[in-house]
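What follows is one structure encoded as structure tokens, with my remarks underneath.
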Amino acid sequence: RQIQFESNGGSMIADIIQDYGTSITLPQPQINGYSFLGWYDADDIKFESSIMPSNNLILYAKWENNIYTVELRNDEGEELLDTISLTFDENFEINYTPQKDGHFFIGWFDGANNSQTKYTDQRGRSIRSWDKTTDNTVLYPGWIIISYDIIYILDGGENYENNVISYKVNQSITLYNPTREGYEFDGWYLAEDLDEEDEEFEFVFDDNDMINYISEGTIGNLFIYAKWEANDYIVN
């Protein structure tokens with residue numbers, strides 16, 4: 001008598017050819033990322049006998065996807081943000097969205113600093129099925145640095161050519177003096193929610209808002225107002 005084995009993606013299994021009624025040992029196939037559930041016949045009935053049957057058989061392997069624990073960590077890998085479970089060879093969604101000042105989250109990677117393989121988009125939805133076969137795999141957040149606008153309110157002046165019009169959170173920016181004919185520049189002042197189209201708007205200069213540079217770690221679009229003092233002239 002003969003038993004043939006269809007491993008359905010698992011390791012190759014040799015046929016068993018023995019006399020009816022003799023003792024048999026069913027083989028255990030293997031496949032990465034799956035657990036073997038047993039051998040089933042054409043009627044989907046599990047075959048568990050240790051005795052050679054009287055008829056020839058073809059048995060089919062059944063598998064179950066393994067589930068693995070995954071660690072979500074910060075950029076340096078030092079802080080554990082969350083622990084999740086992912087099923088091998090299946091799509092998934094990670095509901096934890098990290099935050100970082102001045103950065104836009106672009107997805108989870110299996111290497112720090114946007115390196116190695118990207119597994120999700122910015123919404124945490126998988127862009128590939130889970131393919132790791134060990135527990136405690138670490139995923140790291142991927143980022144792009146946001147570029148913020150600097151809007152100079154010159155009030156009739158002319159900006160210095162080296163004053164940049166955008167910056168990023170990891171930059172420190174020096175602000176240079178603009179010029180205006182007939183006026184002395186008296187400093188840059190930070191304006192919040194400036195509405196230039198409001199005809200009744202009048203900027204109030206506050207010494208607490210005076211700035212000479214944009215420090216590293218600053219975020220958000222900036223409105224910077226130039227203050228002027230009219231020159232005094234002696235007319236003969």
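How things are named: the first chain in the structure tokens is A, the next is B, and so on; residues count from 1 in each chain; ligands count from 1 in the order shown.
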
If you run DSSP on the backbone, which residues of region 23-226 of chain A are strand (DSSP E), as a PyMOL selection string?
chain A and resi 34-40+46-47+57-65+67-73+80-87+103-111+115-118+137-145+147-153+166-168+173-174+183-191+210-211+213-214+222-226

Contacts between region 143-152 of chain A and region 48-123 of chain A, please, where a residue of region 48-123 of chain A counts if it comes within 10 Å (with only C-alpha atoms); show its shortest atom pair and distance in Å to one decimal, rows by chain and ascending number, as a Markdown table.
| residue | atom | partner | partner_atom | distance |
| --- | --- | --- | --- | --- |
| A:Asp75 | CA | A:Trp143 | CA | 9.4 |
| A:Pro98 | CA | A:Trp143 | CA | 9.9 |
| A:Gln99 | CA | A:Trp143 | CA | 9.7 |
| A:Lys100 | CA | A:Trp143 | CA | 8.6 |
| A:Asp101 | CA | A:Ile146 | CA | 9.1 |
| A:Gly102 | CA | A:Ile146 | CA | 5.5 |
| A:His103 | CA | A:Ile145 | CA | 4.5 |
| A:Phe104 | CA | A:Ile144 | CA | 5.3 |
| A:Phe105 | CA | A:Trp143 | CA | 4.7 |
| A:Ile106 | CA | A:Trp143 | CA | 5.5 |
| A:Gly107 | CA | A:Trp143 | CA | 7.6 |
| A:Trp108 | CA | A:Trp143 | CA | 9.2 |
| A:Asn113 | CA | A:Trp143 | CA | 7.6 |
| A:Asn114 | CA | A:Trp143 | CA | 6.9 |
| A:Gln122 | CA | A:Trp143 | CA | 9.3 |

If you keep N, CA, C and O atoms, can you produce a file of those selected residues as a JSON list (two decimals), in the first residue's frame?
[["chain", "number", "residue", "atom", "x", "y", "z"],
["A", 75, "ASP", "N", 13.24, 56.48, 17.66],
["A", 75, "ASP", "CA", 14.31, 56.56, 16.65],
["A", 75, "ASP", "C", 15.57, 55.81, 17.06],
["A", 75, "ASP", "O", 16.20, 55.12, 16.24],
["A", 98, "PRO", "N", 3.30, 57.79, 15.92],
["A", 98, "PRO", "CA", 4.22, 58.59, 16.74],
["A", 98, "PRO", "C", 4.20, 60.05, 16.33],
["A", 98, "PRO", "O", 3.75, 60.40, 15.23],
["A", 99, "GLN", "N", 4.70, 60.91, 17.21],
["A", 99, "GLN", "CA", 4.78, 62.35, 16.96],
["A", 99, "GLN", "C", 6.21, 62.82, 17.21],
["A", 99, "GLN", "O", 6.88, 62.34, 18.12],
["A", 100, "LYS", "N", 6.64, 63.77, 16.38],
["A", 100, "LYS", "CA", 7.96, 64.36, 16.56],
["A", 100, "LYS", "C", 7.93, 65.78, 16.02],
["A", 100, "LYS", "O", 7.58, 65.99, 14.85],
["A", 101, "ASP", "N", 8.29, 66.75, 16.86],
["A", 101, "ASP", "CA", 8.23, 68.15, 16.45],
["A", 101, "ASP", "C", 9.03, 68.38, 15.17],
["A", 101, "ASP", "O", 10.18, 67.93, 15.04],
["A", 102, "GLY", "N", 8.40, 69.08, 14.23],
["A", 102, "GLY", "CA", 9.09, 69.45, 13.01],
["A", 102, "GLY", "C", 9.26, 68.34, 12.01],
["A", 102, "GLY", "O", 9.98, 68.51, 11.02],
["A", 103, "HIS", "N", 8.61, 67.21, 12.24],
["A", 103, "HIS", "CA", 8.75, 66.06, 11.35],
["A", 103, "HIS", "C", 7.38, 65.52, 10.96],
["A", 103, "HIS", "O", 6.42, 65.63, 11.72],
["A", 104, "PHE", "N", 7.34, 64.93, 9.78],
["A", 104, "PHE", "CA", 6.13, 64.27, 9.30],
["A", 104, "PHE", "C", 6.38, 62.77, 9.25],
["A", 104, "PHE", "O", 7.35, 62.31, 8.63],
["A", 105, "PHE", "N", 5.51, 62.01, 9.93],
["A", 105, "PHE", "CA", 5.66, 60.55, 9.99],
["A", 105, "PHE", "C", 5.31, 59.94, 8.64],
["A", 105, "PHE", "O", 4.26, 60.23, 8.06],
["A", 106, "ILE", "N", 6.18, 59.07, 8.11],
["A", 106, "ILE", "CA", 5.95, 58.48, 6.79],
["A", 106, "ILE", "C", 5.76, 56.97, 6.83],
["A", 106, "ILE", "O", 5.50, 56.35, 5.79],
["A", 107, "GLY", "N", 5.85, 56.35, 8.00],
["A", 107, "GLY", "CA", 5.63, 54.91, 8.07],
["A", 107, "GLY", "C", 6.62, 54.21, 8.99],
["A", 107, "GLY", "O", 7.53, 54.83, 9.55],
["A", 108, "TRP", "N", 6.43, 52.90, 9.15],
["A", 108, "TRP", "CA", 7.28, 52.08, 10.01],
["A", 108, "TRP", "C", 8.29, 51.30, 9.18],
["A", 108, "TRP", "O", 7.95, 50.71, 8.16],
["A", 113, "ASN", "N", 16.21, 55.45, 11.18],
["A", 113, "ASN", "CA", 16.52, 56.52, 10.23],
["A", 113, "ASN", "C", 16.09, 56.18, 8.80],
["A", 113, "ASN", "O", 16.84, 56.36, 7.84],
["A", 114, "ASN", "N", 14.86, 55.69, 8.67],
["A", 114, "ASN", "CA", 14.27, 55.37, 7.36],
["A", 114, "ASN", "C", 15.07, 54.33, 6.59],
["A", 114, "ASN", "O", 15.08, 54.33, 5.36],
["A", 122, "GLN", "N", 2.07, 56.20, 5.95],
["A", 122, "GLN", "CA", 1.96, 57.15, 7.06],
["A", 122, "GLN", "C", 0.72, 56.92, 7.92],
["A", 122, "GLN", "O", 0.64, 57.39, 9.05]]

Mind checking which residues fall within 12 Å of Ile153 (chain A), counting only C-alpha atoms, ignoring those fewer than 3 positions away in the same chain, and posting them as a PyMOL selection string?
chain A and resi 150+156-159+165+178+187-191+194-196+203+222-228

I need the residue nearest Thr69 (chain A) from this list: A:Asn170, A:Thr137, A:Asn221, A:Ser11. Use only C-alpha atoms for the distance.
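Going through A:Asn170, A:Thr137, A:Asn221, A:Ser11 one by one, the smallest distance to Thr69 (chain A) is for A:Thr137.
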
Show which residues sit within 6 Å of region 12-27 of chain A, as a PyMOL selection string. Count only C-alpha atoms, and ignore same-chain residues fewer than 4 positions away.
chain A and resi 1-4+50-54
